[in-house]
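S.K.: Questions regarding the structure given below will be posed in turn.
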Amino acid sequence: MPVAAVAVVCPALAGFILACRRGGLPNGCALLIRAFDVGRIGAKAIWLPILLISPAVGIVAFVIMRLGGSRIPDPQIALPNVLALSAVFLVSGLSEELGWSAYALDPLQARSSALAAGLLIGAVWAIWRYPALVQAHRSVVWIGWWTLGTVSMRIIMVWLFNRTGGSMFGAAVFHAVSNLCWQLFPVQGSWFDPRLHGLLMAAVALVLVLWYPGRGQVDRTLALARLGPS
């Protein structure tokens, strides 16, 4: 495991420290409690995009590769592995989203649009991973296409965050499912094509932004109210 993998704890740690500086220990604890804010998710139908967008993108990418003549092998999915990976990715997703979604997103949306917030956090989120990708000897082109997919995913996550009443847990589940789909892609993600993934995720993000723009926004007064003590 690369050293950069420990970076998953940094967003939560930074968010907690900054929340404490903003409103003391109670404010920091309130941020941590948001990891379990599943109660914010009112409409049950929103679980469909949270759980199904990433698997759908993975399946479409697999079919395209097969139809294109690729010798990509069949996925090998074992339930014990799925359960173990799901637990690991959910914990890491909760840690990251405490910083990216629970702490950083509302202040950005209070000052700009949901799309601008998604683009900014997505860019920082992607760059945050560059050391690990370089350590894994990824090419500049590979990283470029991967960045497109990562930023597009963040735009989708912001849209979901706003549609769930600001649920950090919902964002973390989407994050975890995405990582799980990557790991289950043949073989342990080694056949993952960042170009296909990037283009498909960008298409999903574009549909959400253009077809349902109002549902991707958040009332700025509400965003400010969720920031906690000043």
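Numbering starts fresh at 1 for the residues of each chain in the structure tokens, the chains themselves are lettered A, B, ... in the order given, and ligands are numbered from 1 as they appear.
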Show me, as CSV, the residues of stretch 32-86 of chain A having an atom within 9 Å of stretch 102-106 of chain A, each with the closest atom pair and its distance in Å, using only C-alpha atoms.

M.R.:
residue,atom,partner,partner_atom,distance
A:Leu32,CA,A:Ala102,CA,8.7
A:Arg34,CA,A:Ala102,CA,7.0
A:Ala35,CA,A:Ala102,CA,8.1

S.K.: Set the distance at 9 Å and use only C-alpha atoms: which residues neighbour A:Leu94 once local chain neighbours fewer than 3 positions away are removed? I'd like the list as a list in words.

M.R.: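 The contact residues come out as Ala12, Ala35, Phe36, Phe89, Leu90, Val91, Glu97, Leu98, Gly99, Met168, Phe169, Ala171, Ala172, Val173, His175 and Ala176 of chain A.
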
S.K.: Skipping near chain neighbours, those fewer than 4 positions away, what residues fall within 8 Å of A:Leu200 using only C-alpha atoms, listed as a ChimeraX atom specification?

M.R.: /A:57,61,149,196,204

S.K.: So how many Å separate atom CA of A:Thr147 and atom CA of A:Val82, to one decimal?

M.R.: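 Going from atom CA of A:Thr147 over to atom CA of A:Val82 covers 25.7 Å.
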
S.K.: List every residue of stretch 13-223 of chain A that DSSP, applied to the backbone of this structure, assigns to helix (DSSP H, G or I), and report them as an MDAnalysis selection string.

M.R.: chainID A and resid 13:36 38:40 44:67 79:111 114:135 140:163 168:184 194:211 214:216 220:223

S.K.: I'd like the interatomic distance between atom CA of A:Leu148 and atom CA of A:Gly165, to a tenth of an Å.

M.R.: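 Taking atom CA of A:Leu148 as the start and atom CA of A:Gly165 as the end point, the length is 26.3 Å.
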
S.K.: Would you kindly return, as a compact mmCIF listing (two decimals) with N, CA, C and O atoms, in the first residue's frame, each protein, DNA or RNA residue with an atom no farther than 10 Å from any atom of A:Leu184, considering only C-alpha atoms and excluding same-chain residues fewer than 2 positions away?

M.R.:
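Okay, part-v6.txt is ready:
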# COMPACT_ATOMS: atom_id res chain seq x y z
N PRO A 55 -21.97 1.47 -10.46
CA PRO A 55 -22.07 0.16 -11.09
C PRO A 55 -22.51 0.25 -12.56
O PRO A 55 -22.01 -0.50 -13.40
N GLY A 58 -19.59 1.25 -14.64
CA GLY A 58 -18.68 0.13 -14.77
C GLY A 58 -19.18 -0.92 -15.76
O GLY A 58 -18.40 -1.43 -16.58
N PRO A 75 -15.61 -10.57 -14.77
CA PRO A 75 -15.37 -10.20 -13.36
C PRO A 75 -15.45 -11.43 -12.46
O PRO A 75 -16.26 -12.33 -12.69
N GLN A 76 -14.61 -11.47 -11.45
CA GLN A 76 -14.63 -12.53 -10.45
C GLN A 76 -15.08 -11.90 -9.14
O GLN A 76 -14.30 -11.22 -8.47
N ILE A 77 -16.34 -12.11 -8.79
CA ILE A 77 -16.92 -11.45 -7.62
C ILE A 77 -17.28 -12.49 -6.57
O ILE A 77 -18.12 -13.36 -6.80
N ALA A 78 -16.62 -12.39 -5.42
CA ALA A 78 -16.89 -13.28 -4.29
C ALA A 78 -17.52 -12.46 -3.16
O ALA A 78 -16.99 -11.41 -2.79
N ASN A 81 -15.35 -11.12 -0.25
CA ASN A 81 -14.49 -10.02 -0.65
C ASN A 81 -15.30 -8.73 -0.80
O ASN A 81 -14.83 -7.65 -0.41
N VAL A 82 -16.48 -8.83 -1.36
CA VAL A 82 -17.33 -7.66 -1.53
C VAL A 82 -17.67 -7.04 -0.18
O VAL A 82 -17.59 -5.81 0.01
N LEU A 85 -14.42 -5.46 1.38
CA LEU A 85 -14.05 -4.23 0.69
C LEU A 85 -15.05 -3.12 0.95
O LEU A 85 -14.68 -1.95 1.11
N ASN A 179 -15.43 3.28 -5.26
CA ASN A 179 -14.18 2.56 -5.02
C ASN A 179 -14.36 1.05 -5.13
O ASN A 179 -13.50 0.33 -5.65
N LEU A 180 -15.51 0.57 -4.66
CA LEU A 180 -15.80 -0.86 -4.73
C LEU A 180 -15.90 -1.31 -6.19
O LEU A 180 -15.35 -2.37 -6.56
N CYS A 181 -16.58 -0.53 -7.01
CA CYS A 181 -16.73 -0.90 -8.43
C CYS A 181 -15.38 -0.91 -9.14
O CYS A 181 -15.14 -1.77 -9.99
N TRP A 182 -14.52 0.02 -8.79
CA TRP A 182 -13.17 0.02 -9.37
C TRP A 182 -12.43 -1.26 -8.97
O TRP A 182 -11.81 -1.92 -9.81
N PRO A 186 -12.42 -6.14 -13.59
CA PRO A 186 -11.34 -7.12 -13.86
C PRO A 186 -9.99 -6.42 -14.07
O PRO A 186 -9.94 -5.37 -14.72
N VAL A 187 -8.91 -7.02 -13.63
CA VAL A 187 -8.75 -7.95 -12.53
C VAL A 187 -8.27 -7.11 -11.36
O VAL A 187 -7.19 -6.56 -11.42
N GLN A 188 -9.09 -6.98 -10.30
CA GLN A 188 -8.81 -6.06 -9.19
C GLN A 188 -8.52 -4.65 -9.70
O GLN A 188 -7.65 -3.95 -9.19
N GLY A 189 -9.27 -4.26 -10.72
CA GLY A 189 -9.14 -2.91 -11.26
C GLY A 189 -8.03 -2.72 -12.26
O GLY A 189 -7.86 -1.63 -12.79
N SER A 190 -7.28 -3.78 -12.57
CA SER A 190 -6.14 -3.64 -13.48
C SER A 190 -6.58 -3.36 -14.92
O SER A 190 -5.79 -2.83 -15.72
N PHE A 192 -9.13 -1.39 -15.55
CA PHE A 192 -9.82 -0.11 -15.47
C PHE A 192 -9.30 0.84 -16.55
O PHE A 192 -8.09 1.05 -16.68

S.K.: Can you pull out every residue within 12 Å of A:Trp145, counting only C-alpha atoms, but drop anything in the same chain fewer than 5 positions away, and send it as a list in words?

M.R.: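 Once the adjacent positions are removed, what remains is Ala126, Arg138, Ser139, Val140, Thr150, Val151, Ser152, Phe192, Asp193, Pro194, Arg195, Leu196, His197, Gly198, Leu199, Leu200, Met201 and Ala202 of chain A.
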
S.K.: Atom CA of A:Trp125 and atom CA of A:Ser92, how far apart in Å?

M.R.: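 A separation of 14.0 Å between them.
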
S.K.: Smallest atom-to-atom distance to A:Ala114: which of A:Ala30, A:Val158, A:Leu133, A:Val8, using only C-alpha atoms?

M.R.: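 Comparing A:Ala30, A:Val158, A:Leu133, A:Val8 against A:Ala114, the winner is A:Val158.
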
S.K.: At a cut-off of 8 Å, using only C-alpha atoms, what residues contact A:Phe174? Leave out same-chain residues fewer than 3 positions from it and give the result as a ChimeraX atom specification.

M.R.: /A:50-51,54,157,170-171,177-178
